[in-house]
$ cat structure16.txt   # compact mmCIF, C-alpha atoms and all ligand atoms
# COMPACT_ATOMS: atom_id res chain seq x y z
CA MET D 290 -53.96 43.30 -31.16
CA SER D 291 -50.42 42.39 -32.15
CA ALA D 292 -49.32 38.78 -32.42
CA PRO D 293 -47.33 37.20 -29.56
CA LEU D 294 -43.55 37.49 -29.48
CA TRP D 295 -41.29 34.44 -29.49
CA GLN D 296 -37.90 34.82 -27.81
CA ALA D 297 -35.53 33.49 -30.43
CA PRO D 298 -33.12 31.17 -28.60
CA VAL D 299 -29.41 32.00 -28.68
CA ALA D 300 -27.33 28.93 -29.56
CA PRO D 301 -25.37 27.84 -26.49
CA GLY D 302 -22.58 26.56 -28.73
CA PRO D 303 -22.04 24.77 -32.05
CA VAL D 304 -25.13 22.75 -33.00
CA ASP D 305 -24.63 19.11 -33.82
CA ALA D 306 -27.97 17.80 -34.93
CA THR D 307 -29.87 15.60 -37.35
CA VAL D 308 -33.05 17.34 -38.49
CA ARG D 309 -35.70 15.24 -40.22
CA LEU D 310 -37.85 17.52 -42.37
CA PRO D 311 -41.46 16.90 -43.37
CA GLY D 312 -42.49 16.69 -47.02
CA SER D 313 -42.09 19.37 -49.64
CA LYS D 314 -45.01 21.77 -49.90
CA SER D 315 -44.53 22.06 -53.65
CA VAL D 316 -44.44 18.30 -54.28
CA THR D 317 -47.30 17.60 -51.84
CA ASN D 318 -49.70 20.10 -53.39
CA ARG D 319 -48.92 19.02 -56.95
CA ALA D 320 -49.19 15.33 -56.05
CA LEU D 321 -52.55 15.78 -54.30
CA LEU D 322 -54.04 17.75 -57.19
CA LEU D 323 -52.79 15.30 -59.82
CA ALA D 324 -54.12 12.39 -57.74
CA ALA D 325 -57.52 14.11 -57.51
CA LEU D 326 -57.62 14.38 -61.33
CA ALA D 327 -56.26 10.87 -62.00
CA GLU D 328 -58.06 8.00 -63.72
CA GLY D 329 -58.26 5.93 -60.53
CA PRO D 330 -57.46 5.90 -56.79
CA GLY D 331 -53.88 6.65 -55.76
CA THR D 332 -51.71 7.26 -52.71
CA VAL D 333 -49.57 10.23 -51.69
CA ARG D 334 -47.20 9.12 -48.95
CA ARG D 335 -45.35 11.29 -46.43
CA ALA D 336 -47.40 14.25 -47.60
CA LEU D 337 -46.76 17.46 -45.71
CA ARG D 338 -49.34 18.49 -43.11
CA SER D 339 -49.31 22.26 -42.87
CA ARG D 340 -51.67 25.15 -43.48
CA ASP D 341 -50.94 25.25 -47.24
CA ALA D 342 -51.29 21.48 -47.63
CA ASP D 343 -54.47 21.37 -45.54
CA LEU D 344 -55.98 24.17 -47.65
CA MET D 345 -55.24 22.09 -50.76
CA VAL D 346 -56.91 19.02 -49.22
CA THR D 347 -60.03 21.03 -48.31
CA ALA D 348 -60.16 22.59 -51.79
CA LEU D 349 -59.88 19.21 -53.55
CA ARG D 350 -62.57 17.69 -51.33
CA SER D 351 -64.93 20.56 -52.09
CA LEU D 352 -64.38 19.94 -55.81
CA GLY D 353 -65.45 16.30 -55.40
CA ALA D 354 -62.32 14.26 -54.61
CA GLY D 355 -62.17 11.84 -51.68
CA LEU D 356 -59.06 12.13 -49.51
CA THR D 357 -58.61 9.77 -46.56
CA PRO D 358 -55.62 10.10 -44.22
CA SER D 359 -53.70 7.21 -42.71
CA GLY D 360 -50.46 6.91 -40.77
CA GLU D 361 -50.84 10.45 -39.46
CA THR D 362 -48.19 12.27 -37.43
CA ALA D 363 -48.08 15.98 -36.55
CA SER D 364 -46.49 16.88 -39.86
CA ALA D 365 -47.03 13.97 -42.27
CA THR D 366 -49.87 11.87 -43.63
CA ASP D 367 -50.33 9.14 -46.21
CA TRP D 368 -53.37 10.19 -48.27
CA GLN D 369 -55.57 7.72 -50.15
CA VAL D 370 -57.04 9.83 -52.93
CA VAL D 371 -60.19 8.81 -54.82
CA PRO D 372 -60.93 11.09 -57.78
CA GLY D 373 -64.51 12.10 -58.55
CA PRO D 374 -66.12 14.15 -61.29
CA VAL D 375 -65.02 17.76 -60.71
CA ARG D 376 -68.06 19.55 -59.29
CA GLY D 377 -68.69 23.24 -58.77
CA GLY D 378 -70.82 25.14 -56.29
CA ALA D 379 -68.06 25.43 -53.68
CA SER D 380 -66.37 28.41 -52.01
CA ILE D 381 -62.65 27.80 -51.71
CA ASP D 382 -60.34 29.43 -49.16
CA VAL D 383 -56.80 29.71 -50.54
CA GLY D 384 -55.36 31.24 -47.35
CA LEU D 385 -52.05 32.79 -48.41
CA ALA D 386 -50.99 29.72 -50.42
CA GLY D 387 -49.67 30.49 -53.89
CA THR D 388 -50.01 26.83 -54.82
CA VAL D 389 -53.71 26.79 -53.92
CA MET D 390 -54.61 30.15 -55.49
CA ARG D 391 -52.78 29.32 -58.79
CA PHE D 392 -53.22 25.52 -59.07
CA VAL D 393 -56.85 25.01 -58.05
CA PRO D 394 -58.73 27.51 -60.31
CA PRO D 395 -57.61 25.74 -63.53
CA MET D 396 -59.02 22.52 -62.04
CA ALA D 397 -62.23 24.25 -60.90
CA ALA D 398 -62.65 25.38 -64.52
CA LEU D 399 -63.45 21.75 -65.38
CA ALA D 400 -66.78 22.08 -63.51
CA GLY D 401 -69.97 23.29 -65.11
CA GLU D 402 -71.02 25.28 -62.03
CA ALA D 403 -69.33 28.36 -60.55
CA VAL D 404 -66.61 28.06 -57.90
CA ALA D 405 -65.79 31.04 -55.68
CA PHE D 406 -62.26 31.77 -54.43
CA ASP D 407 -61.01 34.05 -51.64
CA GLY D 408 -58.12 34.09 -49.19
CA ASP D 409 -56.24 36.04 -46.53
CA PRO D 410 -56.18 39.85 -46.84
CA HIS D 411 -52.67 39.80 -48.35
CA ALA D 412 -53.64 37.05 -50.81
CA ARG D 413 -55.85 39.63 -52.51
CA VAL D 414 -52.78 41.55 -53.69
CA ARG D 415 -50.77 38.56 -54.91
CA PRO D 416 -50.53 38.37 -58.75
CA MET D 417 -53.48 36.47 -60.28
CA GLY D 418 -54.42 38.58 -63.32
CA PRO D 419 -52.41 36.70 -65.96
CA ILE D 420 -53.74 33.24 -65.03
CA LEU D 421 -57.34 34.44 -64.77
CA SER D 422 -57.11 36.12 -68.20
CA ALA D 423 -55.55 32.93 -69.57
CA LEU D 424 -58.45 30.84 -68.22
CA ARG D 425 -60.88 33.25 -69.92
CA THR D 426 -59.00 32.83 -73.21
CA LEU D 427 -59.21 29.05 -72.77
CA GLY D 428 -62.97 29.19 -72.43
CA ALA D 429 -63.90 29.72 -68.76
CA GLU D 430 -66.13 32.50 -67.42
CA VAL D 431 -64.14 34.39 -64.79
CA ALA D 432 -65.47 37.26 -62.68
CA GLY D 433 -62.58 39.24 -61.17
CA ASP D 434 -58.90 39.83 -61.89
CA ALA D 435 -57.60 39.08 -58.41
CA LEU D 436 -58.95 37.39 -55.30
CA PRO D 437 -61.85 37.25 -54.61
CA PHE D 438 -63.09 35.86 -57.95
CA THR D 439 -65.44 33.22 -59.32
CA ILE D 440 -64.83 30.85 -62.17
CA ARG D 441 -67.22 28.75 -64.20
CA GLY D 442 -66.29 26.12 -66.76
CA PRO D 443 -66.17 23.85 -68.45
CA LEU D 444 -63.35 25.09 -70.63
CA ALA D 445 -62.04 23.40 -73.75
CA GLY D 446 -58.37 24.38 -73.45
CA GLY D 447 -56.22 25.43 -76.40
CA GLU D 448 -53.52 28.04 -76.82
CA VAL D 449 -52.75 30.99 -74.62
CA THR D 450 -50.01 33.60 -74.14
CA LEU D 451 -49.38 35.21 -70.77
CA ASP D 452 -46.73 37.17 -68.89
CA ALA D 453 -45.56 34.85 -66.10
CA SER D 454 -42.69 37.05 -64.89
CA ALA D 455 -44.51 37.64 -61.60
CA SER D 456 -44.64 33.94 -60.67
CA SER D 457 -43.77 30.55 -62.13
CA GLN D 458 -46.98 29.28 -60.51
CA LEU D 459 -48.99 31.09 -63.22
CA VAL D 460 -47.55 28.57 -65.71
CA SER D 461 -47.56 25.53 -63.39
CA GLY D 462 -51.23 26.06 -62.58
CA LEU D 463 -52.24 26.06 -66.25
CA LEU D 464 -50.22 22.92 -66.99
CA LEU D 465 -51.35 20.75 -64.06
CA ALA D 466 -55.05 20.42 -64.92
CA ALA D 467 -54.51 20.65 -68.69
CA PRO D 468 -54.46 16.90 -69.52
CA ARG D 469 -58.13 16.95 -68.55
CA TYR D 470 -58.98 19.76 -71.00
CA GLU D 471 -60.49 18.56 -74.27
CA LYS D 472 -57.71 20.24 -76.28
CA GLY D 473 -54.97 20.14 -73.66
CA VAL D 474 -53.05 23.39 -73.46
CA THR D 475 -50.26 25.31 -75.16
CA VAL D 476 -48.87 28.02 -72.88
CA ARG D 477 -46.53 30.68 -74.19
CA HIS D 478 -44.75 33.13 -71.89
CA ASP D 479 -44.16 36.63 -73.23
CA GLY D 480 -42.39 39.04 -70.88
CA PRO D 481 -39.33 39.37 -68.64
CA PRO D 482 -37.81 35.99 -67.59
CA VAL D 483 -40.01 33.62 -65.59
CA PRO D 484 -38.67 33.14 -62.03
CA SER D 485 -38.36 29.85 -60.13
CA MET D 486 -37.91 27.73 -63.27
CA PRO D 487 -37.08 24.58 -61.23
CA HIS D 488 -40.69 24.68 -60.02
CA ILE D 489 -41.96 24.53 -63.61
CA GLU D 490 -39.54 21.66 -64.22
CA MET D 491 -41.12 19.97 -61.16
CA THR D 492 -44.58 20.41 -62.71
CA VAL D 493 -43.42 18.98 -66.05
CA GLN D 494 -41.66 16.01 -64.43
CA MET D 495 -44.62 15.16 -62.22
CA LEU D 496 -47.01 15.31 -65.18
CA ARG D 497 -44.70 13.04 -67.20
CA ALA D 498 -44.38 10.64 -64.27
CA ALA D 499 -48.20 10.38 -64.41
CA GLY D 500 -48.04 9.39 -68.09
CA VAL D 501 -48.89 12.81 -69.53
CA THR D 502 -47.17 14.00 -72.72
CA VAL D 503 -45.52 17.39 -72.19
CA ASP D 504 -43.36 19.23 -74.72
CA ASP D 505 -41.08 21.83 -73.15
CA SER D 506 -38.40 21.69 -75.84
CA GLU D 507 -38.66 25.40 -76.69
CA PRO D 508 -37.92 28.14 -74.18
CA ASP D 509 -41.01 29.83 -72.74
CA LEU D 510 -43.38 27.37 -74.44
CA TRP D 511 -45.14 24.38 -72.90
CA ARG D 512 -47.56 21.97 -74.59
CA VAL D 513 -49.60 19.49 -72.52
CA GLU D 514 -51.49 16.87 -74.54
CA PRO D 515 -54.99 15.85 -73.45
CA GLY D 516 -55.19 12.37 -71.93
CA PRO D 517 -55.53 10.39 -68.73
CA ILE D 518 -53.49 11.18 -65.61
CA ALA D 519 -52.23 7.86 -64.25
CA ALA D 520 -53.09 6.90 -60.69
CA ARG D 521 -49.86 6.62 -58.70
CA ASP D 522 -48.34 5.62 -55.40
CA LEU D 523 -45.94 8.48 -54.74
CA THR D 524 -43.70 9.35 -51.79
CA VAL D 525 -43.03 13.04 -51.14
CA GLU D 526 -39.41 14.22 -50.73
CA PRO D 527 -38.39 16.26 -47.66
CA ASP D 528 -38.84 20.03 -48.07
CA LEU D 529 -35.39 21.30 -49.02
CA SER D 530 -36.35 24.99 -48.81
CA ASN D 531 -37.36 24.42 -45.22
CA ALA D 532 -33.93 22.88 -44.63
CA ALA D 533 -32.43 26.34 -45.15
CA PRO D 534 -32.73 27.80 -41.63
CA PHE D 535 -31.49 24.57 -40.01
CA LEU D 536 -28.48 24.34 -42.33
CA ALA D 537 -27.81 28.04 -41.75
CA ALA D 538 -27.59 27.23 -38.03
CA ALA D 539 -24.63 24.93 -38.74
CA LEU D 540 -22.82 27.72 -40.57
CA ILE D 541 -23.59 30.36 -37.96
CA THR D 542 -22.69 28.32 -34.89
CA GLY D 543 -19.76 26.44 -36.41
CA GLY D 544 -21.61 23.16 -35.93
CA THR D 545 -22.89 20.33 -38.10
CA VAL D 546 -26.46 19.71 -39.25
CA THR D 547 -27.51 16.60 -41.16
CA ILE D 548 -30.75 16.41 -43.17
CA PRO D 549 -31.73 12.77 -43.77
CA ASP D 550 -33.13 11.59 -47.13
CA TRP D 551 -31.79 14.54 -49.17
CA PRO D 552 -32.69 13.37 -52.70
CA LEU D 553 -29.86 12.56 -55.12
CA GLN D 554 -31.83 14.18 -57.92
CA THR D 555 -34.61 16.68 -57.47
CA THR D 556 -36.36 19.62 -59.04
CA GLN D 557 -36.72 21.36 -55.68
CA GLY D 558 -35.10 24.80 -55.75
CA GLY D 559 -33.83 24.19 -52.20
CA ASP D 560 -31.21 21.84 -53.65
CA ALA D 561 -29.28 25.02 -54.57
CA LEU D 562 -28.27 25.21 -50.89
CA ARG D 563 -25.57 22.68 -51.81
CA THR D 564 -23.82 25.42 -53.78
CA LEU D 565 -25.00 28.59 -52.00
CA LEU D 566 -23.86 27.53 -48.52
CA PRO D 567 -20.30 26.60 -49.58
CA ALA D 568 -20.09 30.01 -51.29
CA MET D 569 -20.77 31.49 -47.83
CA GLY D 570 -18.14 29.39 -46.06
CA ALA D 571 -19.86 26.08 -45.24
CA THR D 572 -18.63 22.59 -46.01
CA VAL D 573 -21.34 20.49 -47.63
CA THR D 574 -20.99 16.71 -47.81
CA ARG D 575 -23.25 13.93 -48.95
CA VAL D 576 -23.29 11.27 -46.23
CA PRO D 577 -25.12 7.92 -46.36
CA GLU D 578 -28.08 9.34 -44.38
CA GLY D 579 -28.45 12.49 -46.49
CA LEU D 580 -26.78 15.90 -46.61
CA GLN D 581 -24.42 17.27 -43.99
CA VAL D 582 -23.47 20.93 -43.58
CA THR D 583 -20.62 22.07 -41.33
CA GLY D 584 -19.57 25.58 -40.39
CA GLY D 585 -16.53 26.77 -38.54
CA GLY D 586 -14.85 29.55 -40.45
CA PRO D 587 -16.16 33.05 -40.99
CA ILE D 588 -19.41 33.54 -42.90
CA GLU D 589 -18.58 35.05 -46.26
CA GLY D 590 -20.76 37.54 -48.08
CA ILE D 591 -21.95 36.55 -51.58
CA ASP D 592 -23.04 38.06 -54.85
CA ALA D 593 -25.85 35.77 -55.95
CA ASP D 594 -28.65 35.73 -58.49
CA LEU D 595 -31.52 33.98 -56.69
CA HIS D 596 -34.04 34.31 -59.56
CA ASP D 597 -34.48 30.53 -59.77
CA VAL D 598 -34.54 29.95 -56.02
CA GLY D 599 -36.28 32.99 -54.57
CA GLU D 600 -37.68 30.97 -51.65
CA LEU D 601 -34.16 30.81 -50.19
CA THR D 602 -33.72 34.60 -50.06
CA PRO D 603 -34.88 35.23 -46.47
CA THR D 604 -32.41 32.68 -45.03
CA ILE D 605 -29.56 33.83 -47.29
CA ALA D 606 -30.29 37.45 -46.32
CA ALA D 607 -30.18 36.53 -42.62
CA LEU D 608 -26.82 34.80 -43.13
CA ALA D 609 -25.54 37.76 -45.15
CA ALA D 610 -26.44 40.11 -42.31
CA LEU D 611 -24.14 38.05 -40.04
CA ALA D 612 -21.32 37.66 -42.57
CA GLY D 613 -17.84 39.17 -42.56
CA SER D 614 -18.24 40.94 -45.90
CA PRO D 615 -21.07 42.55 -47.92
CA SER D 616 -23.53 40.66 -50.10
CA THR D 617 -25.61 41.51 -53.14
CA LEU D 618 -28.72 39.40 -53.78
CA ARG D 619 -30.15 39.89 -57.27
CA GLY D 620 -32.87 38.63 -59.61
CA VAL D 621 -35.66 38.49 -57.04
CA ALA D 622 -38.00 41.36 -57.89
CA HIS D 623 -40.83 38.79 -57.90
CA LEU D 624 -40.41 38.41 -54.12
CA ARG D 625 -42.44 41.62 -53.80
CA GLY D 626 -45.47 39.49 -54.76
CA HIS D 627 -44.81 36.66 -52.28
CA GLU D 628 -46.40 36.25 -48.82
CA THR D 629 -45.35 39.87 -48.26
CA ASP D 630 -43.02 42.22 -50.13
CA ARG D 631 -40.04 40.21 -48.92
CA LEU D 632 -37.42 42.71 -50.10
CA ALA D 633 -39.02 45.54 -48.14
CA ALA D 634 -39.70 43.29 -45.14
CA LEU D 635 -36.14 41.94 -44.96
CA ALA D 636 -34.61 45.42 -45.27
CA THR D 637 -36.94 46.88 -42.63
CA GLU D 638 -36.53 44.07 -40.10
CA ILE D 639 -32.76 43.59 -40.42
CA ASN D 640 -32.27 47.37 -40.24
CA GLY D 641 -34.54 47.42 -37.19
CA LEU D 642 -31.91 45.27 -35.45
CA GLY D 643 -29.17 47.73 -36.40
CA GLY D 644 -28.35 46.29 -39.84
CA ASP D 645 -27.47 48.08 -43.05
CA VAL D 646 -29.61 46.72 -45.87
CA THR D 647 -30.74 48.62 -48.94
CA GLU D 648 -33.34 47.51 -51.44
CA THR D 649 -32.53 47.56 -55.13
CA ALA D 650 -35.12 47.16 -57.89
CA ASP D 651 -34.55 43.41 -57.94
CA GLY D 652 -32.81 42.53 -54.70
CA LEU D 653 -30.90 43.58 -51.61
CA VAL D 654 -27.47 44.94 -50.76
CA ILE D 655 -26.51 43.78 -47.29
CA ARG D 656 -23.55 45.31 -45.45
CA PRO D 657 -22.97 43.45 -42.20
CA ARG D 658 -22.98 45.50 -39.00
CA PRO D 659 -23.13 44.43 -35.36
CA LEU D 660 -26.82 43.69 -34.67
CA HIS D 661 -28.80 44.13 -31.47
CA GLY D 662 -31.99 42.59 -30.10
CA GLY D 663 -35.48 43.81 -30.93
CA VAL D 664 -38.76 42.72 -32.45
CA PHE D 665 -38.50 40.98 -35.84
CA HIS D 666 -41.90 41.22 -37.57
CA SER D 667 -42.97 38.29 -39.73
CA TYR D 668 -45.76 39.84 -41.89
CA ALA D 669 -47.59 36.46 -41.87
CA ASP D 670 -44.60 35.14 -43.82
CA HIS D 671 -43.21 31.79 -42.65
CA ARG D 672 -39.80 32.51 -44.17
CA MET D 673 -39.55 35.94 -42.49
CA ALA D 674 -40.25 34.22 -39.16
CA THR D 675 -37.52 31.64 -39.70
CA ALA D 676 -35.07 34.35 -40.87
CA GLY D 677 -35.61 36.07 -37.51
CA ALA D 678 -34.87 32.80 -35.72
CA VAL D 679 -31.62 32.43 -37.70
CA ILE D 680 -30.39 35.89 -36.68
CA GLY D 681 -31.48 35.23 -33.08
CA LEU D 682 -29.05 32.30 -32.84
CA VAL D 683 -26.21 34.75 -32.28
CA VAL D 684 -27.95 38.06 -31.53
CA PRO D 685 -29.41 38.08 -28.00
CA GLY D 686 -32.87 39.58 -27.51
CA VAL D 687 -34.41 38.95 -30.94
CA GLU D 688 -38.16 38.52 -30.53
CA VAL D 689 -39.96 37.06 -33.55
CA GLU D 690 -43.54 38.25 -33.89
CA ASN D 691 -46.02 35.48 -34.78
CA ILE D 692 -43.71 32.46 -34.99
CA ALA D 693 -46.94 30.45 -35.44
CA THR D 694 -47.05 31.69 -39.02
CA THR D 695 -44.43 29.01 -39.80
CA ALA D 696 -47.47 26.67 -39.85
CA LYS D 697 -47.86 27.67 -43.52
CA THR D 698 -45.29 25.02 -44.42
CA LEU D 699 -43.69 23.79 -41.17
CA PRO D 700 -46.05 23.73 -38.19
CA GLU D 701 -43.42 22.08 -35.99
CA PHE D 702 -40.75 24.74 -36.62
CA ALA D 703 -40.42 26.11 -33.08
CA ARG D 704 -40.27 22.63 -31.54
CA MET D 705 -37.74 21.40 -34.13
CA TRP D 706 -35.60 24.52 -33.59
CA ALA D 707 -35.57 23.94 -29.81
CA LEU D 708 -34.69 20.27 -30.31
CA MET D 709 -31.82 21.18 -32.62
CA LEU D 710 -30.47 23.57 -30.00
CA GLU D 711 -30.69 20.92 -27.29
CA GLU D 712 -28.08 19.15 -29.33
CA ALA D 713 -25.76 22.19 -29.19
CA ARG D 714 -22.49 21.61 -27.39
O1 LIG Y 801 -44.71 26.09 -57.70
C1 LIG Y 801 -44.35 26.11 -56.53
O2 LIG Y 801 -44.56 25.17 -55.74
C2 LIG Y 801 -43.63 27.30 -56.04
C3 LIG Y 801 -43.09 28.19 -56.94
C4 LIG Y 801 -42.34 29.40 -56.54
O3 LIG Y 801 -43.20 30.51 -56.73
P1 LIG Y 801 -42.76 31.86 -57.52
O4 LIG Y 801 -42.47 31.48 -58.91
O5 LIG Y 801 -43.95 32.74 -57.36
O6 LIG Y 801 -41.54 32.38 -56.80
C5 LIG Y 801 -41.91 29.33 -55.08
O7 LIG Y 801 -41.37 30.54 -54.66
C6 LIG Y 801 -43.08 28.90 -54.20
O8 LIG Y 801 -42.72 28.89 -52.86
C7 LIG Y 801 -43.52 27.50 -54.59
C1 LIG Y 802 -43.44 31.98 -52.06
C2 LIG Y 802 -43.79 30.99 -51.23
O1 LIG Y 802 -45.01 30.42 -51.13
P1 LIG Y 802 -46.29 30.34 -52.07
O2 LIG Y 802 -46.42 28.89 -52.43
O3 LIG Y 802 -47.43 30.81 -51.22
O4 LIG Y 802 -46.04 31.22 -53.26
C3 LIG Y 802 -42.79 30.40 -50.29
O5 LIG Y 802 -43.14 29.38 -49.66
O6 LIG Y 802 -41.67 30.95 -50.15

$ encode --input "structure16.txt" --output "structure tokens" --more "lines below"
Ligand SMILES: O=C(O)C1=C[C@@H](OP(=O)(O)O)[C@@H](O)[C@H](O)C1
Ligand SMILES: C=C(OP(=O)(O)O)C(=O)O
Amino acid sequence: MSAPLWQAPVAPGPVDATVRLPGSKSVTNRALLLAALAEGPGTVRRALRSRDADLMVTALRSLGAGLTPSGETASATDWQVVPGPVRGGASIDVGLAGTVMRFVPPMAALAGEAVAFDGDPHARVRPMGPILSALRTLGAEVAGDALPFTIRGPLAGGEVTLDASASSQLVSGLLLAAPRYEKGVTVRHDGPPVPSMPHIEMTVQMLRAAGVTVDDSEPDLWRVEPGPIAARDLTVEPDLSNAAPFLAAALITGGTVTIPDWPLQTTQGGDALRTLLPAMGATVTRVPEGLQVTGGGPIEGIDADLHDVGELTPTIAALAALAGSPSTLRGVAHLRGHETDRLAALATEINGLGGDVTETADGLVIRPRPLHGGVFHSYADHRMATAGAVIGLVVPGVEVENIATTAKTLPEFARMWALMLEEAR
């Protein structure tokens, strides 16, 4: 049975809205894991509530941590986290969450008993081989090279070389639990360039903020010293990648969208919207509340290397399909290993609405053409679903299949989108 269709609303006019975004998935899932491995109880405030974050909470509880929510709303929670000895024996569901499938196994490898991992059907084809081989090299017993697999520790840590060109998470995962390994870890990358480097920077900064010594002074080499992870009281930043479709709405409708609490400094890749959107014709201003994006002129096509900020590709591709000139998006071959093959999915779905998109080995060439309505499939990919919503703002009759899949990182998406449009003039 196919998933229900959501009629993407056409904007009645220029939007003029303030959109308060829930916490970053990437910060939330790192903060929860580090808190679960810390030397004492800590707090993670304004943590995202979403499918990926909830899967992380369940995984950490099944490995022995205590997580108690307080101050809950639909999309945010303050978590009190009480670490416990890491115990095995559990079966962990990673869903389709890259952060759970790559960050939790290196923690599970601290336990002396086996831990089993599995996830959604598509999770079984997401790249896992390099991190599982690395965990074997570091001393764990691992059965399997992809999901499903089991892992049994304890491992001692040490030095390992892997090819992390398929995902930065293969490095982040090895670094996050490493302070708890007897020998810490030295990770060397050998292969084509690692994508999404800001996410590795986020991992390094969060480890350092918890008192861990990390040396990243040489390219493609990271050393995490063994030692305690400090208990912290941390507040999660808003999710800047999830700001993308809302800010795109300002550009497309010639309106203004403000995102409160946009951090002044951040390692979130979504911060690149401050330069990408102006390149496409938007005006971006820091205002006292946060970040404000205004459209008005034509949308301009771009030639952009999105290697560091691949998460933004679906929104940028949707904007490019509505632009006044062609775009080339490069450096994102690794998107073929994301929630779906995003390059194939974007080309198929935009072309299904009458677009002219061709895949290259590492990106997309998008030549704008008048689009028409039709079904926009989401492939269980939250960012495909929101890309369909973006196009639907100005193309009548776009029906997004399975809008509920946005629950991966933004369960309130459809309601927030409708609220934003209520504020259209
Ligand atoms: O570490 C993280 O939190 C993430 C890293 C990136 O993964 P890739 O390096 O696989 O692109 C990003 O796309 C993903 O959404 C979140
Ligand atoms: C690639 C993404 O997610 P994941 O954390 O599952 O890799 C994403 O959110 O765009």

$ closest_residue --input "structure16.txt" --among "D:Gly681, D:Gly387, D:Pro416, D:Gly686" --to "D:Arg319" --atoms "all atoms listed in the file"
D:Gly387

$ closest_residue --input "structure16.txt" --among "D:Asp305, D:Glu471, D:Glu526, D:Asp409" --to "ligand LIG 802 (chain Y)" --atoms "all atoms listed in the file"
D:Asp409

$ closest_atom_pairs --input "structure16.txt" --of "chain D" --to "ligand LIG 801 (chain Y)" --cutoff "6 Å" --atoms "only C-alpha atoms and all ligand atoms" --output "Markdown table"
| residue | atom | partner | partner_atom | distance |
| --- | --- | --- | --- | --- |
| D:Ser315 | CA | Y:LIG801 | O2 | 3.7 |
| D:Thr388 | CA | Y:LIG801 | O2 | 5.8 |
| D:Ser456 | CA | Y:LIG801 | O5 | 3.6 |
| D:Ser457 | CA | Y:LIG801 | O4 | 3.6 |
| D:Gln458 | CA | Y:LIG801 | O1 | 4.8 |
| D:Pro484 | CA | Y:LIG801 | O4 | 5.2 |
| D:Ser485 | CA | Y:LIG801 | O4 | 4.6 |
| D:His488 | CA | Y:LIG801 | O1 | 4.9 |
| D:Gly599 | CA | Y:LIG801 | O7 | 5.6 |
| D:Glu600 | CA | Y:LIG801 | O7 | 4.8 |

$ write_last_selection --input "structure16.txt" --atoms "C-alpha atoms" --output "PDB file, in the frame of the given file"
ATOM      1  CA  SER D 315     -44.530  22.060 -53.650  1.00  0.00           C
ATOM      2  CA  THR D 388     -50.010  26.830 -54.820  1.00  0.00           C
ATOM      3  CA  SER D 456     -44.640  33.940 -60.670  1.00  0.00           C
ATOM      4  CA  SER D 457     -43.770  30.550 -62.130  1.00  0.00           C
ATOM      5  CA  GLN D 458     -46.980  29.280 -60.510  1.00  0.00           C
ATOM      6  CA  PRO D 484     -38.670  33.140 -62.030  1.00  0.00           C
ATOM      7  CA  SER D 485     -38.360  29.850 -60.130  1.00  0.00           C
ATOM      8  CA  HIS D 488     -40.690  24.680 -60.020  1.00  0.00           C
ATOM      9  CA  GLY D 599     -36.280  32.990 -54.570  1.00  0.00           C
ATOM     10  CA  GLU D 600     -37.680  30.970 -51.650  1.00  0.00           C
TER      11      GLU D 600
END

$ atom_distance --input "structure16.txt" --atom1 "atom CA of D:Val664" --atom2 "atom CA of D:Val308"
26.7 Å

$ closest_residue --input "structure16.txt" --among "D:Glu514, D:Asp504, D:Asp592, D:Asp560" --to "D:Ser530" --atoms "only C-alpha atoms"
D:Asp560

$ residues_near_point --input "structure16.txt" --point "(-26.3, 49.0, -48.6)" --cutoff "12 Å" --atoms "all atoms listed in the file" --output "list in words"
Ala609, Ala610, Ser614, Pro615, Ser616, Thr617, Leu618, Ala636, Ile639, Asn640, Gly644, Asp645, Val646, Thr647, Glu648, Thr649, Gly652, Leu653, Val654, Ile655, Arg656, Pro657 and Arg658 of chain D

$ residues_near_ligand --input "structure16.txt" --ligand "ligand LIG 802 (chain Y)" --cutoff "10 Å" --atoms "all atoms listed in the file" --output "ChimeraX atom specification"
/D:314-315,318,341,383-391,412,415,456-458,485,530-531,598-603,623-629,631,670-673,695,697-698

$ closest_residue --input "structure16.txt" --among "D:Leu642, D:Asp509, D:Gly433, D:Leu540" --to "D:Pro685" --atoms "all atoms listed in the file"
D:Leu642

$ build_atoms --input "structure16.txt" --residues "stretch 300-305 of chain D" --atoms "N, CA and C atoms" --output "PDB file, in the frame of the given file"
ATOM      1  N   ALA D 300     -27.977  30.252 -29.582  1.00  0.00           N
ATOM      2  CA  ALA D 300     -27.330  28.930 -29.560  1.00  0.00           C
ATOM      3  C   ALA D 300     -26.281  28.917 -28.443  1.00  0.00           C
ATOM      4  N   PRO D 301     -26.353  27.900 -27.577  1.00  0.00           N
ATOM      5  CA  PRO D 301     -25.370  27.840 -26.490  1.00  0.00           C
ATOM      6  C   PRO D 301     -23.979  27.450 -26.967  1.00  0.00           C
ATOM      7  N   GLY D 302     -23.873  26.991 -28.193  1.00  0.00           N
ATOM      8  CA  GLY D 302     -22.580  26.560 -28.730  1.00  0.00           C
ATOM      9  C   GLY D 302     -22.835  25.995 -30.112  1.00  0.00           C
ATOM     10  N   PRO D 303     -21.839  25.353 -30.713  1.00  0.00           N
ATOM     11  CA  PRO D 303     -22.040  24.770 -32.050  1.00  0.00           C
ATOM     12  C   PRO D 303     -23.133  23.701 -32.029  1.00  0.00           C
ATOM     13  N   VAL D 304     -24.089  23.787 -32.921  1.00  0.00           N
ATOM     14  CA  VAL D 304     -25.130  22.750 -33.000  1.00  0.00           C
ATOM     15  C   VAL D 304     -24.531  21.495 -33.630  1.00  0.00           C
ATOM     16  N   ASP D 305     -25.067  20.372 -33.230  1.00  0.00           N
ATOM     17  CA  ASP D 305     -24.630  19.110 -33.820  1.00  0.00           C
ATOM     18  C   ASP D 305     -25.880  18.238 -33.865  1.00  0.00           C
TER      19      ASP D 305
END
